[in-house]
file model-v9.txt (compact mmCIF, C-alpha atoms and all ligand atoms)
# COMPACT_ATOMS: atom_id res chain seq x y z
CA MET A 1 108.81 -110.77 -38.63
CA SER A 2 105.99 -108.59 -40.02
CA ASN A 3 102.51 -109.81 -40.85
CA VAL A 4 103.46 -109.95 -44.49
CA ASP A 5 106.71 -111.89 -43.92
CA ASP A 6 105.10 -114.79 -42.10
CA MET A 7 102.23 -114.93 -44.58
CA LEU A 8 104.66 -114.80 -47.52
CA SER A 9 106.75 -117.70 -46.16
CA SER A 10 103.62 -119.77 -45.73
CA ALA A 11 102.30 -118.92 -49.23
CA ARG A 12 105.70 -119.57 -50.84
CA ALA A 13 105.91 -122.99 -49.19
CA ALA A 14 102.49 -123.81 -50.68
CA MET A 15 103.40 -122.34 -54.08
CA VAL A 16 106.33 -124.73 -54.56
CA ASN A 17 103.85 -127.60 -54.19
CA ALA A 18 101.45 -126.18 -56.80
CA TYR A 19 100.15 -128.77 -59.24
CA ALA A 20 100.24 -126.73 -62.44
CA PRO A 21 101.41 -129.03 -65.27
CA TYR A 22 99.17 -127.30 -67.85
CA SER A 23 99.73 -123.58 -67.24
CA ARG A 24 103.15 -123.97 -65.56
CA PHE A 25 102.01 -120.93 -63.54
CA ARG A 26 102.47 -121.71 -59.85
CA VAL A 27 100.52 -119.66 -57.31
CA GLY A 28 100.47 -119.68 -53.52
CA ALA A 29 97.96 -118.03 -51.21
CA CYS A 30 97.81 -117.48 -47.48
CA ILE A 31 94.82 -116.23 -45.53
CA ARG A 32 94.71 -115.19 -41.91
CA SER A 33 91.59 -116.09 -39.98
CA GLU A 34 90.10 -114.06 -37.14
CA ASP A 35 91.97 -116.06 -34.49
CA GLY A 36 95.33 -115.20 -36.13
CA ARG A 37 95.96 -118.62 -37.66
CA LEU A 38 97.38 -118.87 -41.18
CA HIS A 39 95.92 -121.13 -43.87
CA ALA A 40 97.86 -121.70 -47.09
CA GLY A 41 96.98 -123.15 -50.47
CA CYS A 42 98.30 -123.65 -53.99
CA ASN A 43 96.64 -124.00 -57.36
CA VAL A 44 95.64 -127.55 -58.29
CA GLU A 45 95.02 -128.02 -62.02
CA ASN A 46 93.20 -130.81 -63.82
CA ALA A 47 93.35 -132.37 -67.29
CA ALA A 48 89.71 -131.31 -67.56
CA TYR A 49 90.82 -127.66 -67.37
CA PRO A 50 87.67 -126.09 -65.86
CA GLN A 51 88.00 -128.41 -62.86
CA SER A 52 91.23 -126.67 -61.84
CA GLN A 53 91.32 -124.85 -58.52
CA CYS A 54 93.01 -121.56 -57.70
CA ALA A 55 95.40 -121.17 -54.77
CA GLU A 56 92.95 -118.84 -52.99
CA ALA A 57 90.17 -121.45 -53.17
CA THR A 58 92.49 -124.10 -51.72
CA ALA A 59 93.43 -121.76 -48.86
CA ILE A 60 89.77 -120.95 -48.15
CA GLY A 61 89.02 -124.69 -48.01
CA ALA A 62 91.89 -125.22 -45.56
CA MET A 63 90.57 -122.39 -43.38
CA ALA A 64 87.02 -123.77 -43.38
CA ALA A 65 88.27 -127.27 -42.56
CA ALA A 66 90.24 -125.83 -39.63
CA GLY A 67 87.08 -124.14 -38.31
CA GLY A 68 87.83 -120.59 -39.53
CA ARG A 69 84.94 -118.46 -40.75
CA ARG A 70 86.31 -114.91 -41.00
CA ILE A 71 89.29 -113.70 -43.05
CA THR A 72 91.27 -110.69 -41.79
CA GLU A 73 94.14 -110.63 -44.31
CA VAL A 74 95.01 -112.24 -47.67
CA LEU A 75 98.32 -112.72 -49.50
CA VAL A 76 98.90 -114.06 -53.02
CA VAL A 77 102.30 -114.92 -54.50
CA ALA A 78 103.23 -115.93 -58.05
CA GLU A 79 106.48 -116.26 -59.93
CA GLY A 80 105.91 -114.06 -62.99
CA ALA A 81 107.02 -110.45 -63.45
CA ALA A 82 103.40 -109.23 -63.71
CA LEU A 83 101.30 -108.53 -60.64
CA CYS A 84 99.19 -111.62 -59.88
CA THR A 85 95.78 -110.49 -58.66
CA PRO A 86 93.02 -112.91 -57.61
CA CYS A 87 90.73 -113.93 -60.49
CA GLY A 88 87.13 -112.70 -60.48
CA GLY A 89 85.81 -115.95 -59.05
CA CYS A 90 88.29 -115.87 -56.18
CA ARG A 91 87.44 -112.25 -55.37
CA GLN A 92 83.87 -113.45 -54.89
CA ARG A 93 84.98 -116.51 -52.88
CA LEU A 94 87.07 -114.30 -50.58
CA SER A 95 84.22 -111.81 -50.12
CA GLU A 96 82.08 -114.56 -48.59
CA PHE A 97 84.42 -114.52 -45.56
CA ALA A 98 86.16 -111.12 -45.71
CA PRO A 99 84.80 -107.55 -45.43
CA PRO A 100 85.67 -104.92 -48.11
CA ASP A 101 88.44 -103.33 -45.99
CA THR A 102 90.42 -106.60 -45.83
CA PRO A 103 94.02 -106.07 -47.06
CA VAL A 104 95.10 -108.23 -50.02
CA HIS A 105 98.90 -108.36 -50.36
CA LEU A 106 100.10 -109.05 -53.92
CA CYS A 107 103.60 -110.54 -53.97
CA GLY A 108 106.35 -111.91 -56.14
CA PRO A 109 108.87 -114.41 -54.80
CA GLU A 110 111.11 -111.48 -53.83
CA GLY A 111 108.47 -109.88 -51.60
CA LEU A 112 105.53 -107.48 -51.42
CA ARG A 113 104.63 -105.63 -54.64
CA LYS A 114 101.33 -103.96 -53.78
CA THR A 115 98.61 -104.02 -51.14
CA MET A 116 94.98 -103.36 -52.08
CA THR A 117 91.70 -103.89 -50.24
CA LEU A 118 89.21 -106.54 -51.26
CA GLY A 119 86.71 -103.72 -51.83
CA GLU A 120 89.04 -102.14 -54.40
CA LEU A 121 89.34 -105.49 -56.16
CA LEU A 122 85.60 -106.25 -55.99
CA PRO A 123 83.54 -103.07 -55.78
CA LEU A 124 79.77 -103.20 -55.31
CA SER A 125 80.00 -106.87 -54.43
CA PHE A 126 77.03 -109.17 -54.09
CA GLY A 127 77.36 -111.05 -50.81
CA PRO A 128 75.61 -112.38 -47.73
CA HIS A 129 74.61 -108.78 -46.92
CA SER A 130 72.63 -108.60 -50.18
CA LEU A 131 70.21 -111.39 -49.30
N1 LIG B 1 95.64 -118.84 -60.45
C1 LIG B 1 95.55 -118.88 -59.08
O1 LIG B 1 95.72 -119.94 -58.47
N2 LIG B 1 95.29 -117.72 -58.43
C2 LIG B 1 95.24 -116.50 -59.00
O2 LIG B 1 95.12 -115.50 -58.29
C3 LIG B 1 95.35 -116.37 -60.46
C4 LIG B 1 95.44 -117.63 -61.22
C5 LIG B 1 95.97 -120.08 -61.15
C6 LIG B 1 94.87 -120.76 -61.90
C7 LIG B 1 95.66 -121.59 -62.89
O3 LIG B 1 96.04 -122.81 -62.26
C8 LIG B 1 96.91 -120.78 -63.16
O4 LIG B 1 96.99 -119.84 -62.10
C9 LIG B 1 96.89 -120.05 -64.49
O5 LIG B 1 95.73 -119.33 -64.65
call {"tool": "encode", "arguments": {"input": "model-v9.txt", "output": "structure tokens"}}
result
Amino acid sequence: MSNVDDMLSSARAAMVNAYAPYSRFRVGACIRSEDGRLHAGCNVENAAYPQSQCAEATAIGAMAAAGGRRITEVLVVAEGAALCTPCGGCRQRLSEFAPPDTPVHLCGPEGLRKTMTLGELLPLSFGPHSL
């Protein structure tokens, strides 16, 4: 199994548990921490729409709770035909724990569609290095 395959299985398993009754757009994310462990998450929506949480944020929370502090790889999976890229807020959230050369795998349920780096997704980022 490649890096992407094990991350995709983990993200898909989270995606099917997404709580997305408002958008009906289910998303799964998987992040790998420095020690090689995988941390998955799904989107969790709320009737007060702005309180909804993206899959990436859920996965970051799971990593932090498990003691992880550095991200080495990210994978996002969604069901639609269009490429699902992390929203602006999640690019920033990821950059707190991941350097610009971190690969971000963008997937559909069938598999990998595109790999980009976090730096391509969030150029000239403001982060811990800026303070
Ligand atoms: N969403 C994510 O969870 N991650 C992304 O990368 C893009 C969007 C969620 C937020 C919301 O629950 C739904 O997808 C529609 O925007």
call {"tool": "atom_distance", "arguments": {"input": "model-v9.txt", "atom1": "atom CA of A:Ser23", "atom2": "atom CA of A:Ser95"}}
result
25.9 Å
call {"tool": "residues_around", "arguments": {"input": "model-v9.txt", "residues": "A:Arg24", "least_positions_apart": "2", "cutoff": "12 Å", "atoms": "all atoms listed in the file", "output": "list of chain:residue names"}}
result
A:Met15, A:Val16, A:Asn17, A:Ala18, A:Tyr19, A:Ala20, A:Pro21, A:Tyr22, A:Arg26, A:Val27, A:Asn43, A:Val44, A:Glu45, A:Ala78, A:Glu79, A:Gly80
call {"tool": "closest_residue", "arguments": {"input": "model-v9.txt", "among": "A:Asp5, A:Glu73, A:Glu56, A:Asp101", "to": "A:Pro123", "atoms": "all atoms listed in the file"}}
result
A:Asp101
call {"tool": "residues_around", "arguments": {"input": "model-v9.txt", "residues": "stretch 6-11 of chain A", "least_positions_apart": "2", "cutoff": "7 Å", "atoms": "all atoms listed in the file", "output": "list in words"}}
result
Met1, Ser2, Asn3, Val4, Ala13, Ala14, Met15, Gly28, Ala29, Cys30, Ala40, Gly41, Leu75 and Val77 of chain A
call {"tool": "residues_near_point", "arguments": {"input": "model-v9.txt", "point": "(81.1, -112.3, -62.5)", "cutoff": "12 Å", "atoms": "all atoms listed in the file", "output": "ChimeraX atom specification"}}
result
/A:87-93,122-126
call {"tool": "write_last_selection", "arguments": {"input": "model-v9.txt", "atoms": "C-alpha atoms", "output": "compact mmCIF listing (two decimals), in the frame of the given file"}}
result
# COMPACT_ATOMS: atom_id res chain seq x y z
CA CYS A 87 90.73 -113.93 -60.49
CA GLY A 88 87.13 -112.70 -60.48
CA GLY A 89 85.81 -115.95 -59.05
CA CYS A 90 88.29 -115.87 -56.18
CA ARG A 91 87.44 -112.25 -55.37
CA GLN A 92 83.87 -113.45 -54.89
CA ARG A 93 84.98 -116.51 -52.88
CA LEU A 122 85.60 -106.25 -55.99
CA PRO A 123 83.54 -103.07 -55.78
CA LEU A 124 79.77 -103.20 -55.31
CA SER A 125 80.00 -106.87 -54.43
CA PHE A 126 77.03 -109.17 -54.09
call {"tool": "closest_residue", "arguments": {"input": "model-v9.txt", "among": "A:Ala62, A:Cys84, A:Ile71, A:Val104", "to": "ligand LIG 1 (chain B)", "atoms": "all atoms listed in the file"}}
result
A:Cys84
call {"tool": "closest_residue", "arguments": {"input": "model-v9.txt", "among": "A:Ala98, A:Cys54, A:Cys42, A:Ile60", "to": "A:Gly119", "atoms": "all atoms listed in the file"}}
result
A:Ala98
call {"tool": "closest_residue", "arguments": {"input": "model-v9.txt", "among": "A:Asn46, A:Ala64, A:His39, A:Pro109", "to": "A:Arg12", "atoms": "all atoms listed in the file"}}
result
A:Pro109
call {"tool": "closest_residue", "arguments": {"input": "model-v9.txt", "among": "A:Ser130, A:Thr85, A:Ser33, A:Thr117", "to": "ligand LIG 1 (chain B)", "atoms": "all atoms listed in the file"}}
result
A:Thr85
call {"tool": "axis_aligned_box", "arguments": {"input": "model-v9.txt", "around": "ligand LIG 1 (chain B)", "padding_each_side": "6 Å", "output": "AutoDock Vina command-line options"}}
result
--center_x 95.9 --center_y -119.2 --center_z -61.5 --size_x 14.1 --size_y 19.3 --size_z 18.4
call {"tool": "decode", "arguments": {"input": "model-v9.txt", "residues": "stretch 6-128 of chain A", "atoms": "C-alpha atoms", "output": "short mmCIF file (atom, residue, chain, number, x, y, z; two decimals), in the first residue's frame"}}
result
data_model
loop_
_atom_site.label_atom_id
_atom_site.label_comp_id
_atom_site.auth_asym_id
_atom_site.auth_seq_id
_atom_site.Cartn_x
_atom_site.Cartn_y
_atom_site.Cartn_z
CA ASP A 6 -3.52 4.17 3.47
CA MET A 7 -4.31 7.86 3.94
CA LEU A 8 -7.20 7.64 1.45
CA SER A 9 -8.76 4.65 3.25
CA SER A 10 -8.56 6.49 6.53
CA ALA A 11 -10.04 9.72 5.08
CA ARG A 12 -12.81 7.81 3.27
CA ALA A 13 -13.79 6.05 6.49
CA ALA A 14 -14.09 9.47 8.17
CA MET A 15 -15.94 10.99 5.19
CA VAL A 16 -18.79 8.47 5.42
CA ASN A 17 -19.37 9.69 9.00
CA ALA A 18 -19.47 13.37 7.98
CA TYR A 19 -22.29 15.31 9.60
CA ALA A 20 -23.35 17.47 6.66
CA PRO A 21 -27.17 17.73 6.71
CA TYR A 22 -27.12 21.32 5.39
CA SER A 23 -24.65 21.23 2.49
CA ARG A 24 -24.95 17.48 1.84
CA PHE A 25 -21.26 17.79 0.87
CA ARG A 26 -19.30 15.16 2.77
CA VAL A 27 -15.55 15.64 3.18
CA GLY A 28 -12.86 13.50 4.78
CA ALA A 29 -9.31 14.49 5.66
CA CYS A 30 -6.28 12.57 6.84
CA ILE A 31 -3.06 14.06 8.12
CA ARG A 32 0.17 12.26 8.86
CA SER A 33 2.14 13.47 11.85
CA GLU A 34 5.92 13.40 12.17
CA ASP A 35 5.90 10.02 13.91
CA GLY A 36 4.03 8.45 10.96
CA ARG A 37 0.65 8.17 12.66
CA LEU A 38 -2.52 9.03 10.72
CA HIS A 39 -5.25 11.30 12.06
CA ALA A 40 -8.58 11.49 10.24
CA GLY A 41 -11.52 13.87 10.40
CA CYS A 42 -14.80 14.74 8.69
CA ASN A 43 -16.79 17.94 8.38
CA VAL A 44 -19.22 18.59 11.22
CA GLU A 45 -21.92 21.14 10.35
CA ASN A 46 -24.21 23.09 12.64
CA ALA A 47 -27.67 24.67 12.34
CA ALA A 48 -25.88 27.93 13.17
CA TYR A 49 -23.95 27.63 9.90
CA PRO A 50 -20.77 29.56 10.82
CA GLN A 51 -20.18 27.13 13.69
CA SER A 52 -19.59 24.31 11.21
CA GLN A 53 -16.17 22.68 11.12
CA CYS A 54 -14.22 21.48 8.10
CA ALA A 55 -12.78 17.97 7.86
CA GLU A 56 -9.23 19.34 7.97
CA ALA A 57 -9.91 21.16 11.25
CA THR A 58 -11.34 17.98 12.77
CA ALA A 59 -8.24 16.03 11.70
CA ILE A 60 -5.92 18.68 13.13
CA GLY A 61 -7.81 18.50 16.43
CA ALA A 62 -7.44 14.70 16.47
CA MET A 63 -3.70 15.04 15.82
CA ALA A 64 -3.24 17.60 18.60
CA ALA A 65 -5.24 15.47 21.04
CA ALA A 66 -3.01 12.49 20.18
CA GLY A 67 0.09 14.57 20.94
CA GLY A 68 1.11 15.34 17.33
CA ARG A 69 2.59 18.75 16.59
CA ARG A 70 4.06 18.48 13.07
CA ILE A 71 2.25 17.52 9.85
CA THR A 72 4.25 15.79 7.09
CA GLU A 73 1.45 14.96 4.63
CA VAL A 74 -2.22 15.90 4.06
CA LEU A 75 -5.02 14.23 2.09
CA VAL A 76 -8.54 15.53 1.39
CA VAL A 77 -11.34 13.51 -0.20
CA ALA A 78 -14.80 14.62 -1.32
CA GLU A 79 -17.52 13.05 -3.41
CA GLY A 80 -18.15 15.68 -6.09
CA ALA A 81 -16.69 15.75 -9.61
CA ALA A 82 -14.82 19.01 -8.91
CA LEU A 83 -11.45 19.05 -7.18
CA CYS A 84 -12.01 19.71 -3.46
CA THR A 85 -9.22 21.94 -2.19
CA PRO A 86 -8.93 23.06 1.44
CA CYS A 87 -10.74 26.35 2.15
CA GLY A 88 -8.68 29.44 2.94
CA GLY A 89 -9.15 29.05 6.68
CA CYS A 90 -7.97 25.44 6.61
CA ARG A 91 -4.90 26.35 4.55
CA GLN A 92 -3.99 28.68 7.40
CA ARG A 93 -4.82 26.06 10.05
CA LEU A 94 -2.62 23.49 8.28
CA SER A 95 0.25 25.97 7.93
CA GLU A 96 0.46 26.28 11.72
CA PHE A 97 1.76 22.69 11.80
CA ALA A 98 3.08 22.03 8.27
CA PRO A 99 5.94 23.62 6.28
CA PRO A 100 5.32 24.97 2.73
CA ASP A 101 6.76 21.85 1.04
CA THR A 102 4.17 19.56 2.67
CA PRO A 103 2.30 17.51 0.02
CA VAL A 104 -1.49 17.93 -0.04
CA HIS A 105 -3.21 15.08 -1.92
CA LEU A 106 -6.57 16.04 -3.43
CA CYS A 107 -8.79 13.00 -3.98
CA GLY A 108 -12.17 11.80 -5.15
CA PRO A 109 -13.65 8.55 -3.87
CA GLU A 110 -12.02 6.77 -6.83
CA GLY A 111 -8.50 7.90 -5.87
CA LEU A 112 -5.85 10.58 -6.23
CA ARG A 113 -6.67 13.50 -8.56
CA LYS A 114 -3.85 15.95 -7.90
CA THR A 115 -1.02 16.59 -5.45
CA MET A 116 0.04 20.15 -4.60
CA THR A 117 2.22 21.59 -1.86
CA LEU A 118 0.81 23.66 0.97
CA GLY A 119 3.03 26.51 -0.23
CA GLU A 120 1.32 26.44 -3.63
CA LEU A 121 -2.06 26.57 -1.92
CA LEU A 122 -1.04 29.30 0.54
CA PRO A 123 1.80 31.43 -0.84
CA LEU A 124 3.42 34.14 1.28
CA SER A 125 1.75 32.75 4.37
CA PHE A 126 1.68 34.48 7.72
CA GLY A 127 2.74 31.98 10.37
CA PRO A 128 4.75 31.34 13.50
#
